[in-house]
$ cat run.txt   # compact mmCIF, C-alpha atoms
# COMPACT_ATOMS: atom_id res chain seq x y z
CA MET A 261 0.95 -22.93 -10.45
CA ASN A 262 -2.81 -23.64 -10.55
CA LYS A 263 -5.20 -21.51 -12.57
CA SER A 264 -6.65 -19.63 -9.59
CA ARG A 265 -3.20 -18.69 -8.28
CA ALA A 266 -2.01 -17.64 -11.74
CA THR A 267 -5.09 -15.42 -12.07
CA GLY A 268 -4.43 -13.93 -8.64
CA MET A 269 -0.83 -13.12 -9.58
CA LEU A 270 -1.91 -11.42 -12.80
CA LEU A 271 -4.57 -9.42 -10.95
CA ALA A 272 -1.99 -8.26 -8.38
CA ILE A 273 0.38 -7.17 -11.17
CA LEU A 274 -2.46 -5.32 -12.94
CA SER A 275 -3.31 -3.61 -9.65
CA ALA A 276 0.30 -2.49 -9.21
CA ALA A 277 0.53 -1.21 -12.78
CA SER A 278 -2.67 0.81 -12.36
CA PHE A 279 -1.60 2.22 -9.00
CA SER A 280 1.66 3.37 -10.59
CA THR A 281 -0.28 5.99 -12.59
CA LEU A 282 -1.44 7.73 -9.41
CA GLY A 283 1.58 10.00 -9.07
CA LEU A 284 1.41 11.10 -12.70
CA PHE A 285 -2.25 12.09 -12.49
CA ALA A 286 -1.73 13.70 -9.07
CA LYS A 287 1.08 15.82 -10.49
CA LEU A 288 -1.32 17.23 -13.08
CA VAL A 289 -3.98 17.96 -10.45
CA TYR A 290 -1.53 19.66 -8.07
CA ALA A 291 -0.22 21.79 -10.94
CA GLU A 292 -3.71 23.30 -11.16
CA GLY A 293 -3.55 24.44 -7.52
CA PHE A 294 -5.55 21.68 -5.83
CA SER A 295 -4.61 20.83 -2.23
CA VAL A 296 -4.09 17.26 -1.01
CA PRO A 297 -7.57 16.97 0.62
CA GLN A 298 -9.23 18.48 -2.46
CA ALA A 299 -7.42 16.12 -4.82
CA LEU A 300 -8.36 13.13 -2.67
CA ALA A 301 -11.98 14.29 -2.33
CA TRP A 302 -12.39 14.50 -6.11
CA ARG A 303 -10.47 11.24 -6.62
CA PHE A 304 -12.72 9.23 -4.33
CA THR A 305 -15.92 10.95 -5.50
CA VAL A 306 -15.28 10.01 -9.13
CA ALA A 307 -14.41 6.47 -8.06
CA ALA A 308 -17.54 6.17 -5.89
CA LEU A 309 -19.84 7.45 -8.67
CA VAL A 310 -18.40 4.98 -11.18
CA LEU A 311 -18.66 2.09 -8.76
CA TRP A 312 -22.18 2.91 -7.56
CA SER A 313 -23.32 3.02 -11.19
CA ILE A 314 -21.93 -0.46 -11.80
CA THR A 315 -23.25 -1.75 -8.46
CA ILE A 316 -26.80 -0.53 -9.14
CA VAL A 317 -26.82 -1.92 -12.69
CA ARG A 318 -25.62 -5.31 -11.42
CA GLY A 319 -28.07 -5.24 -8.52
CA THR A 320 -25.32 -6.12 -6.03
CA TRP A 321 -26.32 -3.29 -3.69
CA ARG A 322 -28.88 -5.55 -1.99
CA ARG A 323 -26.78 -6.62 0.99
CA PRO A 324 -27.29 -7.08 4.73
CA ILE A 325 -26.69 -3.91 6.73
CA LEU A 326 -23.76 -5.55 8.54
CA GLN A 327 -21.89 -5.90 5.24
CA TYR A 328 -22.37 -2.21 4.57
CA ARG A 329 -21.06 -1.47 8.05
CA ASP A 330 -17.94 -3.62 7.67
CA ALA A 331 -17.02 -2.27 4.24
CA PHE A 332 -17.71 1.36 5.20
CA LEU A 333 -15.63 1.11 8.38
CA LEU A 334 -12.79 -0.47 6.42
CA GLY A 335 -12.74 2.60 4.19
CA LEU A 336 -13.27 5.07 7.03
CA LEU A 337 -10.63 3.67 9.39
CA GLY A 338 -8.27 1.89 7.01
CA PHE A 339 -8.11 3.08 3.43
CA SER A 340 -8.77 6.81 3.74
CA PRO A 341 -6.16 7.46 6.51
CA GLN A 342 -3.35 5.62 4.72
CA ALA A 343 -4.13 7.45 1.46
CA GLY A 344 -3.80 10.79 3.25
CA MET A 345 -0.65 9.73 5.12
CA PHE A 346 1.13 8.89 1.87
CA PHE A 347 0.48 12.35 0.48
CA MET A 348 1.69 13.83 3.77
CA ALA A 349 4.92 11.86 3.40
CA VAL A 350 5.37 13.22 -0.12
CA ARG A 351 5.14 16.77 1.27
CA TYR A 352 8.36 16.19 3.24
CA LEU A 353 10.20 13.53 1.25
CA ASP A 354 11.21 12.93 -2.31
CA PRO A 355 8.43 10.84 -3.92
CA GLY A 356 10.88 8.02 -4.53
CA LEU A 357 11.90 7.85 -0.88
CA ALA A 358 8.25 8.04 0.22
CA SER A 359 7.47 5.10 -2.06
CA LEU A 360 10.45 3.22 -0.68
CA LEU A 361 9.12 3.56 2.86
CA LEU A 362 5.63 2.58 1.71
CA TYR A 363 7.01 -0.61 0.23
CA LEU A 364 8.13 -1.78 3.63
CA TYR A 365 4.50 -2.84 4.03
CA PRO A 366 4.89 -6.38 2.58
CA SER A 367 7.30 -7.15 5.43
CA PHE A 368 4.76 -5.83 7.95
CA VAL A 369 1.99 -7.91 6.31
CA VAL A 370 4.00 -11.09 6.79
CA ILE A 371 4.95 -10.10 10.37
CA PHE A 372 1.41 -9.12 11.38
CA GLY A 373 0.04 -12.27 9.81
CA ALA A 374 2.38 -14.34 11.98
CA LEU A 375 1.78 -12.33 15.17
CA PHE A 376 -1.95 -11.72 15.08
CA MET A 377 -3.40 -14.29 12.68
CA ARG A 378 -0.95 -17.07 13.59
CA VAL A 379 0.02 -17.69 9.98
CA VAL A 380 3.50 -19.16 9.57
CA PRO A 381 5.30 -17.41 6.67
CA ARG A 382 6.62 -19.70 3.96
CA LYS A 383 10.32 -19.68 3.14
CA THR A 384 9.50 -18.31 -0.29
CA GLN A 385 7.63 -15.42 1.32
CA VAL A 386 10.61 -14.55 3.52
CA GLY A 387 12.93 -14.72 0.52
CA ALA A 388 10.58 -12.57 -1.55
CA VAL A 389 10.37 -9.97 1.25
CA ILE A 390 14.18 -9.68 1.38
CA LEU A 391 14.55 -9.44 -2.40
CA SER A 392 11.70 -6.93 -2.76
CA LEU A 393 13.21 -4.65 -0.09
CA ILE A 394 16.60 -4.76 -1.79
CA GLY A 395 14.99 -4.08 -5.16
CA CYS A 396 12.97 -1.14 -3.81
CA VAL A 397 16.09 0.44 -2.30
CA MET A 398 18.00 0.05 -5.57
CA THR A 399 15.10 1.40 -7.62
CA LEU A 400 13.94 4.34 -5.54
CA TRP A 401 16.67 5.48 -3.15
CA THR A 402 17.75 9.09 -3.61
CA ARG A 403 20.25 11.11 -1.66
CA GLY A 404 19.24 14.12 0.34
CA SER A 405 18.51 15.54 3.78
CA TYR A 406 14.93 15.07 4.95
CA PRO A 407 13.10 16.01 8.18
CA LEU A 408 12.26 13.26 10.65
CA ILE A 409 8.54 14.01 10.34
CA GLY A 410 8.72 12.83 6.73
CA TYR A 411 10.16 9.48 7.78
CA PHE A 412 7.46 9.25 10.45
CA TRP A 413 4.66 9.65 7.90
CA GLY A 414 6.36 7.26 5.50
CA LEU A 415 6.68 4.50 8.10
CA ALA A 416 3.19 5.18 9.45
CA VAL A 417 1.56 4.68 6.06
CA ALA A 418 3.48 1.42 5.51
CA ILE A 419 2.36 0.06 8.89
CA LEU A 420 -1.25 1.20 8.47
CA TYR A 421 -1.44 -0.17 4.92
CA ALA A 422 -0.19 -3.54 6.19
CA VAL A 423 -2.83 -3.55 8.95
CA TYR A 424 -5.45 -2.57 6.36
CA LEU A 425 -4.52 -5.45 4.06
CA VAL A 426 -4.40 -8.05 6.82
CA ALA A 427 -7.76 -6.88 8.21
CA SER A 428 -9.32 -6.68 4.77
CA GLU A 429 -8.36 -10.29 4.00
CA LYS A 430 -10.94 -11.55 6.51
CA ILE A 431 -13.55 -8.97 5.54
CA VAL A 432 -13.30 -9.25 1.75
CA SER A 433 -13.36 -13.04 1.95
CA ARG A 434 -17.10 -12.73 2.63
CA LEU A 435 -17.80 -9.65 0.49
CA ASP A 436 -18.11 -9.07 -3.21
CA PRO A 437 -15.02 -7.04 -4.33
CA LEU A 438 -17.18 -4.52 -6.22
CA PHE A 439 -19.50 -4.00 -3.25
CA ALA A 440 -16.56 -3.62 -0.84
CA THR A 441 -14.70 -1.18 -3.08
CA THR A 442 -17.82 0.94 -3.65
CA ASN A 443 -18.23 1.44 0.09
CA LEU A 444 -14.51 2.07 0.58
CA MET A 445 -14.58 4.89 -1.95
CA SER A 446 -17.79 6.36 -0.49
CA ALA A 447 -16.31 6.44 3.02
CA SER A 448 -13.05 7.98 1.78
CA ALA A 449 -14.88 10.62 -0.26
CA LEU A 450 -16.93 11.58 2.81
CA VAL A 451 -13.78 11.97 4.93
CA TYR A 452 -11.97 14.23 2.48
CA TRP A 453 -15.00 16.35 1.56
CA ILE A 454 -15.47 17.11 5.26
CA ILE A 455 -11.80 18.16 5.47
CA THR A 456 -12.04 20.19 2.25
CA LEU A 457 -15.24 22.02 3.23
CA ALA A 458 -13.90 22.67 6.73
CA SER A 459 -10.87 24.38 5.19
CA GLY A 460 -13.17 26.72 3.22
CA ASN A 461 -11.13 26.36 0.04
CA LEU A 462 -13.25 24.46 -2.46
CA ARG A 463 -12.01 24.22 -6.05
CA VAL A 464 -13.68 22.69 -9.11
CA PRO A 465 -11.98 21.54 -12.34
CA GLY A 466 -11.48 24.62 -14.48
CA SER A 467 -9.83 23.15 -17.57
CA ALA A 468 -9.98 20.09 -19.77
CA THR A 469 -6.57 18.97 -18.51
CA THR A 470 -7.68 19.12 -14.87
CA LEU A 471 -10.93 17.32 -15.64
CA LEU A 472 -9.11 14.53 -17.49
CA ALA A 473 -6.57 14.24 -14.67
CA ILE A 474 -9.34 13.93 -12.06
CA LEU A 475 -11.15 11.34 -14.16
CA GLY A 476 -7.91 9.44 -14.60
CA ILE A 477 -7.00 9.55 -10.92
CA GLY A 478 -10.50 8.37 -9.98
CA THR A 479 -10.75 5.50 -12.48
CA LEU A 480 -7.44 4.15 -13.81
CA ALA A 481 -5.48 4.99 -10.65
CA THR A 482 -8.22 4.07 -8.13
CA VAL A 483 -11.15 1.93 -9.33
CA VAL A 484 -9.13 -0.49 -11.45
CA PRO A 485 -6.27 -1.13 -8.98
CA ILE A 486 -8.47 -1.52 -5.91
CA LEU A 487 -10.91 -3.90 -7.59
CA THR A 488 -8.04 -6.04 -8.87
CA LEU A 489 -6.29 -5.83 -5.49
CA PHE A 490 -9.31 -7.26 -3.66
CA ALA A 491 -9.79 -9.91 -6.33
CA ALA A 492 -6.13 -10.91 -5.95
CA ILE A 493 -6.42 -11.10 -2.15
CA ARG A 494 -9.36 -13.48 -2.50
CA ARG A 495 -7.23 -15.83 -4.62
CA ILE A 496 -3.69 -15.67 -3.17
CA GLY A 497 -4.06 -13.92 0.21
CA ALA A 498 -2.89 -10.54 1.54
CA ALA A 499 0.76 -11.51 2.08
CA ASP A 500 1.42 -12.78 -1.45
CA THR A 501 -0.64 -9.97 -3.00
CA SER A 502 1.43 -7.36 -1.16
CA LEU A 503 4.68 -8.99 -2.25
CA VAL A 504 3.65 -9.11 -5.90
CA SER A 505 2.60 -5.44 -5.62
CA THR A 506 6.24 -4.45 -5.14
CA VAL A 507 6.51 -4.42 -8.94
CA GLU A 508 4.73 -1.05 -8.76
CA PRO A 509 7.98 0.99 -8.46
CA LEU A 510 9.20 -0.67 -11.65
CA PHE A 511 6.06 0.46 -13.50
CA THR A 512 6.42 3.93 -11.94
CA ILE A 513 9.95 4.52 -13.22
CA ILE A 514 9.05 3.13 -16.65
CA LEU A 515 6.04 5.47 -16.94
CA SER A 516 8.15 8.40 -15.70
CA ALA A 517 10.72 7.65 -18.38
CA LEU A 518 8.13 7.31 -21.14
CA LEU A 519 5.82 10.22 -20.21
CA LEU A 520 8.02 12.65 -18.29
CA GLY A 521 11.32 12.04 -20.03
CA GLU A 522 13.14 10.92 -16.88
CA ARG A 523 16.24 8.82 -17.55
CA LEU A 524 16.57 5.35 -16.05
CA THR A 525 19.86 4.60 -14.34
CA GLY A 526 21.59 1.25 -14.33
CA LEU A 527 20.84 0.95 -10.62
CA GLN A 528 17.13 1.47 -11.24
CA LEU A 529 17.08 -1.17 -13.96
CA ALA A 530 18.95 -3.60 -11.69
CA GLY A 531 16.50 -2.86 -8.87
CA GLY A 532 13.59 -3.61 -11.17
CA ALA A 533 15.16 -6.93 -12.08
CA VAL A 534 15.55 -7.81 -8.38
CA ILE A 535 11.87 -6.96 -7.72
CA LEU A 536 10.80 -9.21 -10.57
CA GLY A 537 13.09 -11.86 -9.12
CA ALA A 538 11.20 -11.58 -5.84
CA VAL A 539 7.94 -12.34 -7.64
CA LEU A 540 9.53 -15.39 -9.27
CA VAL A 541 10.87 -16.61 -5.93
CA LEU A 542 7.40 -16.26 -4.45
CA ASN A 543 6.13 -18.77 -7.00
CA MET A 544 8.97 -21.27 -6.94
CA LYS A 545 6.81 -23.53 -4.82
CA ALA A 546 3.04 -23.57 -4.85
CA PRO A 547 1.42 -23.11 -1.42
CA VAL A 548 -0.21 -26.04 0.29
CA PRO A 549 -4.04 -25.95 0.31
CA ARG A 550 -4.13 -25.10 4.03
CA VAL A 551 -1.63 -22.61 5.41
CA PRO A 552 -0.02 -24.01 8.62
CA ARG A 553 -0.62 -21.90 11.71
CA LEU A 554 1.40 -21.39 14.84
CA GLY A 555 0.41 -23.82 17.56
CA ASP A 556 -0.94 -26.51 15.18

$ encode --input "run.txt" --output "structure tokens"
Amino acid sequence: MNKSRATGMLLAILSAASFSTLGLFAKLVYAEGFSVPQALAWRFTVAALVLWSITIVRGTWRRPILQYRDAFLLGLLGFSPQAGMFFMAVRYLDPGLASLLLYLYPSFVVIFGALFMRVVPRKTQVGAVILSLIGCVMTLWTRGSYPLIGYFWGLAVAILYAVYLVASEKIVSRLDPLFATTNLMSASALVYWIITLASGNLRVPGSATTLLAILGIGTLATVVPILTLFAAIRRIGAADTSLVSTVEPLFTIILSALLLGERLTGLQLAGGAVILGAVLVLNMKAPVPRVPRLGD
């Protein structure tokens, strides 16, 4: 594995680990009576303020207007809808099952890449997809009766997230990750503040716990994982980044056990091992410098 690919893998793992804190922070925010749009509005506002501060200090805000347009539209049409859809899925499904459906997205990334970008999936990618799906089922599956609308939202967010990643691969290849992420967060904040204000139910943090939770959800669970996600995509591509990201459920159950006292079952531990196996399979053979495309 060359240095650039190794760095990309580590960045993707860091992104997954950071994203895994989202549910824990969200649980604290919801306990204070915040609605989904309100929580998302505050989340993206904190993230945007942090990122704009860094962007201004670095002077990377001086960009052509077309770059602003591309990054803003990616947030407006791609990132913000899938973020809302996931929380809609959680309203109807157990969080574990909602996460399971979300983690169908690596399969969709590989499929969409083949169908629309004419990228032939490697055998290791196909093997990693199969192993990651099995591992997610073992790690997150819970029994219960759920309404069909919940499954609809869960599948919709997986499909949209896959489209978002595939589309972002071409866009972020010509954008600075910090600049792109700053505009993504700004667009998402705008969307959810409009929804929040339209509902007429604005809430502000009223306790130290809520304030810390909002800061955590906006930085550790948003800024860090998205910056590292884009940086990983630039090095190893959307398909491999999405496959490596399936380690997130493993981090989620570990954090739940450590911070919330939830007990890990043997099946969950076995599922985590299978997910890690998928990451190893993905790197059994280094990719060729130029990915073969259908029709070549």

$ residues_around --input "run.txt" --residues "A:Trp453" --least-positions-apart "2" --cutoff "8 Å" --atoms "all atoms listed in the file" --output "short mmCIF file (atom, residue, chain, number, x, y, z; two decimals) with C-alpha atoms, keeping the file's coordinate frame"
data_model
loop_
_atom_site.label_atom_id
_atom_site.label_comp_id
_atom_site.auth_asym_id
_atom_site.auth_seq_id
_atom_site.Cartn_x
_atom_site.Cartn_y
_atom_site.Cartn_z
CA PRO A 297 -7.57 16.97 0.62
CA GLN A 298 -9.23 18.48 -2.46
CA ALA A 301 -11.98 14.29 -2.33
CA ALA A 449 -14.88 10.62 -0.26
CA LEU A 450 -16.93 11.58 2.81
CA VAL A 451 -13.78 11.97 4.93
CA ILE A 455 -11.80 18.16 5.47
CA THR A 456 -12.04 20.19 2.25
CA LEU A 457 -15.24 22.02 3.23
#

$ atom_distance --input "run.txt" --atom1 "atom CA of A:Ala491" --atom2 "atom CA of A:Val289"
28.8 Å

$ closest_residue --input "run.txt" --among "A:Ala458, A:Met398, A:Leu518, A:Leu480" --to "A:Ala533" --atoms "only C-alpha atoms"
A:Met398

$ atom_distance --input "run.txt" --atom1 "atom CA of A:Arg378" --atom2 "atom CA of A:Arg494"
18.5 Å

$ residues_near_point --input "run.txt" --point "(-2.1, 17.8, -16.4)" --cutoff "12 Å" --atoms "all atoms listed in the file" --output "JSON, numbers by chain"
{"A": [283, 284, 285, 286, 287, 288, 289, 290, 291, 292, 293, 294, 465, 466, 467, 468, 469, 470, 471, 472, 473, 474, 475, 476, 477, 519, 520]}

$ closest_atom_pairs --input "run.txt" --of "stretch 305-335 of chain A" --to "stretch 422-445 of chain A" --cutoff "8 Å" --atoms "all atoms listed in the file" --output "CSV"
residue,atom,partner,partner_atom,distance
A:Thr305,CA,A:Met445,CA,7.1
A:Ala307,CA,A:Met445,CA,6.3
A:Ala308,CA,A:Met445,CA,5.1
A:Leu311,CA,A:Thr442,CA,5.3
A:Trp312,CA,A:Thr442,CA,6.2
A:Thr315,CA,A:Phe439,CA,6.8
A:Thr320,CA,A:Phe439,CA,6.8
A:Trp321,CA,A:Phe439,CA,6.9
A:Gln327,CA,A:Leu435,CA,7.3
A:Tyr328,CA,A:Asn443,CA,7.1
A:Asp330,CA,A:Ile431,CA,7.2
A:Ala331,CA,A:Ala440,CA,5.3
A:Phe332,CA,A:Asn443,CA,5.1
A:Leu333,CA,A:Leu444,CA,7.9
A:Leu334,CA,A:Leu444,CA,6.6
A:Gly335,CA,A:Leu444,CA,4.1

$ atom_distance --input "run.txt" --atom1 "atom CA of A:Ala481" --atom2 "atom CA of A:Val507"
15.3 Å

$ closest_residue --input "run.txt" --among "A:Val379, A:Leu415, A:Leu527, A:Ala276" --to "A:Pro509" --atoms "only C-alpha atoms"
A:Ala276

$ residues_near_point --input "run.txt" --point "(2.0, -7.5, 6.9)" --cutoff "12 Å" --atoms "all atoms listed in the file" --output "PDB file with C-alpha atoms, in the frame of the given file"
ATOM      1  CA  LEU A 362       5.630   2.580   1.710  1.00  0.00           C
ATOM      2  CA  TYR A 363       7.010  -0.610   0.230  1.00  0.00           C
ATOM      3  CA  LEU A 364       8.130  -1.780   3.630  1.00  0.00           C
ATOM      4  CA  TYR A 365       4.500  -2.840   4.030  1.00  0.00           C
ATOM      5  CA  PRO A 366       4.890  -6.380   2.580  1.00  0.00           C
ATOM      6  CA  SER A 367       7.300  -7.150   5.430  1.00  0.00           C
ATOM      7  CA  PHE A 368       4.760  -5.830   7.950  1.00  0.00           C
ATOM      8  CA  VAL A 369       1.990  -7.910   6.310  1.00  0.00           C
ATOM      9  CA  VAL A 370       4.000 -11.090   6.790  1.00  0.00           C
ATOM     10  CA  ILE A 371       4.950 -10.100  10.370  1.00  0.00           C
ATOM     11  CA  PHE A 372       1.410  -9.120  11.380  1.00  0.00           C
ATOM     12  CA  GLY A 373       0.040 -12.270   9.810  1.00  0.00           C
ATOM     13  CA  ALA A 374       2.380 -14.340  11.980  1.00  0.00           C
ATOM     14  CA  LEU A 375       1.780 -12.330  15.170  1.00  0.00           C
ATOM     15  CA  PHE A 376      -1.950 -11.720  15.080  1.00  0.00           C
ATOM     16  CA  MET A 377      -3.400 -14.290  12.680  1.00  0.00           C
ATOM     17  CA  VAL A 379       0.020 -17.690   9.980  1.00  0.00           C
ATOM     18  CA  PRO A 381       5.300 -17.410   6.670  1.00  0.00           C
ATOM     19  CA  GLN A 385       7.630 -15.420   1.320  1.00  0.00           C
ATOM     20  CA  VAL A 386      10.610 -14.550   3.520  1.00  0.00           C
ATOM     21  CA  VAL A 389      10.370  -9.970   1.250  1.00  0.00           C
ATOM     22  CA  ALA A 418       3.480   1.420   5.510  1.00  0.00           C
ATOM     23  CA  ILE A 419       2.360   0.060   8.890  1.00  0.00           C
ATOM     24  CA  LEU A 420      -1.250   1.200   8.470  1.00  0.00           C
ATOM     25  CA  TYR A 421      -1.440  -0.170   4.920  1.00  0.00           C
ATOM     26  CA  ALA A 422      -0.190  -3.540   6.190  1.00  0.00           C
ATOM     27  CA  VAL A 423      -2.830  -3.550   8.950  1.00  0.00           C
ATOM     28  CA  TYR A 424      -5.450  -2.570   6.360  1.00  0.00           C
ATOM     29  CA  LEU A 425      -4.520  -5.450   4.060  1.00  0.00           C
ATOM     30  CA  VAL A 426      -4.400  -8.050   6.820  1.00  0.00           C
ATOM     31  CA  ALA A 427      -7.760  -6.880   8.210  1.00  0.00           C
ATOM     32  CA  SER A 428      -9.320  -6.680   4.770  1.00  0.00           C
ATOM     33  CA  GLU A 429      -8.360 -10.290   4.000  1.00  0.00           C
ATOM     34  CA  GLY A 497      -4.060 -13.920   0.210  1.00  0.00           C
ATOM     35  CA  ALA A 498      -2.890 -10.540   1.540  1.00  0.00           C
ATOM     36  CA  ALA A 499       0.760 -11.510   2.080  1.00  0.00           C
ATOM     37  CA  ASP A 500       1.420 -12.780  -1.450  1.00  0.00           C
ATOM     38  CA  THR A 501      -0.640  -9.970  -3.000  1.00  0.00           C
ATOM     39  CA  SER A 502       1.430  -7.360  -1.160  1.00  0.00           C
ATOM     40  CA  LEU A 503       4.680  -8.990  -2.250  1.00  0.00           C
TER      41      LEU A 503
END

$ residues_around --input "run.txt" --residues "A:Gly344" --least-positions-apart "2" --cutoff "12 Å" --atoms "only C-alpha atoms" --output "PyMOL selection string"
chain A and resi 295-301+303-304+336-342+346-351+413-414+416-417+420-421+448-449+451-452+455

$ closest_residue --input "run.txt" --among "A:Gly526, A:Phe412, A:Ala492, A:Val541" --to "A:Leu391" --atoms "all atoms listed in the file"
A:Val541

$ closest_residue --input "run.txt" --among "A:Ile314, A:Met269, A:Ile390, A:Val534" --to "A:Leu510" --atoms "all atoms listed in the file"
A:Val534

$ decode --input "run.txt" --residues "stretch 325-378 of chain A" --atoms "C-alpha atoms" --output "short mmCIF file (atom, residue, chain, number, x, y, z; two decimals), in the first residue's frame"
data_model
loop_
_atom_site.label_atom_id
_atom_site.label_comp_id
_atom_site.auth_asym_id
_atom_site.auth_seq_id
_atom_site.Cartn_x
_atom_site.Cartn_y
_atom_site.Cartn_z
CA ILE A 325 -17.76 32.24 -8.14
CA LEU A 326 -18.34 28.94 -9.97
CA GLN A 327 -16.57 27.06 -7.19
CA TYR A 328 -18.85 28.67 -4.64
CA ARG A 329 -21.83 27.66 -6.76
CA ASP A 330 -20.75 24.02 -7.09
CA ALA A 331 -19.96 23.58 -3.40
CA PHE A 332 -23.12 25.38 -2.24
CA LEU A 333 -25.36 23.32 -4.54
CA LEU A 334 -23.70 20.13 -3.32
CA GLY A 335 -24.72 21.05 0.21
CA LEU A 336 -28.15 22.33 -0.76
CA LEU A 337 -29.17 19.39 -2.94
CA GLY A 338 -26.99 16.58 -1.61
CA PHE A 339 -25.79 16.81 1.97
CA SER A 340 -28.65 18.60 3.71
CA PRO A 341 -31.46 16.33 2.36
CA GLN A 342 -29.70 13.08 3.28
CA ALA A 343 -28.94 14.40 6.78
CA GLY A 344 -32.64 15.14 7.30
CA MET A 345 -33.74 11.82 5.80
CA PHE A 346 -31.60 9.86 8.25
CA PHE A 347 -33.24 11.57 11.21
CA MET A 348 -36.64 10.89 9.65
CA ALA A 349 -35.73 7.20 9.43
CA VAL A 350 -34.78 7.20 13.11
CA ARG A 351 -38.25 8.53 13.97
CA TYR A 352 -39.79 5.30 12.67
CA LEU A 353 -37.05 2.71 13.09
CA ASP A 354 -34.71 1.56 15.80
CA PRO A 355 -31.46 3.54 15.37
CA GLY A 356 -29.57 0.32 14.72
CA LEU A 357 -31.89 -0.69 11.89
CA ALA A 358 -31.77 2.84 10.43
CA SER A 359 -27.97 2.65 10.44
CA LEU A 360 -28.12 -0.77 8.83
CA LEU A 361 -30.17 0.60 5.93
CA LEU A 362 -27.85 3.61 5.64
CA TYR A 363 -24.89 1.28 5.27
CA LEU A 364 -26.32 -0.14 2.10
CA TYR A 365 -24.83 2.97 0.49
CA PRO A 366 -21.38 1.48 -0.29
CA SER A 367 -23.10 -1.04 -2.55
CA PHE A 368 -24.97 1.78 -4.30
CA VAL A 369 -21.71 3.75 -4.68
CA VAL A 370 -20.09 0.85 -6.51
CA ILE A 371 -23.22 0.26 -8.63
CA PHE A 372 -23.68 3.93 -9.55
CA GLY A 373 -20.00 4.24 -10.34
CA ALA A 374 -20.32 1.37 -12.81
CA LEU A 375 -23.61 2.57 -14.33
CA PHE A 376 -23.07 6.30 -14.62
CA MET A 377 -19.31 6.87 -14.43
CA ARG A 378 -18.37 3.67 -16.28
#
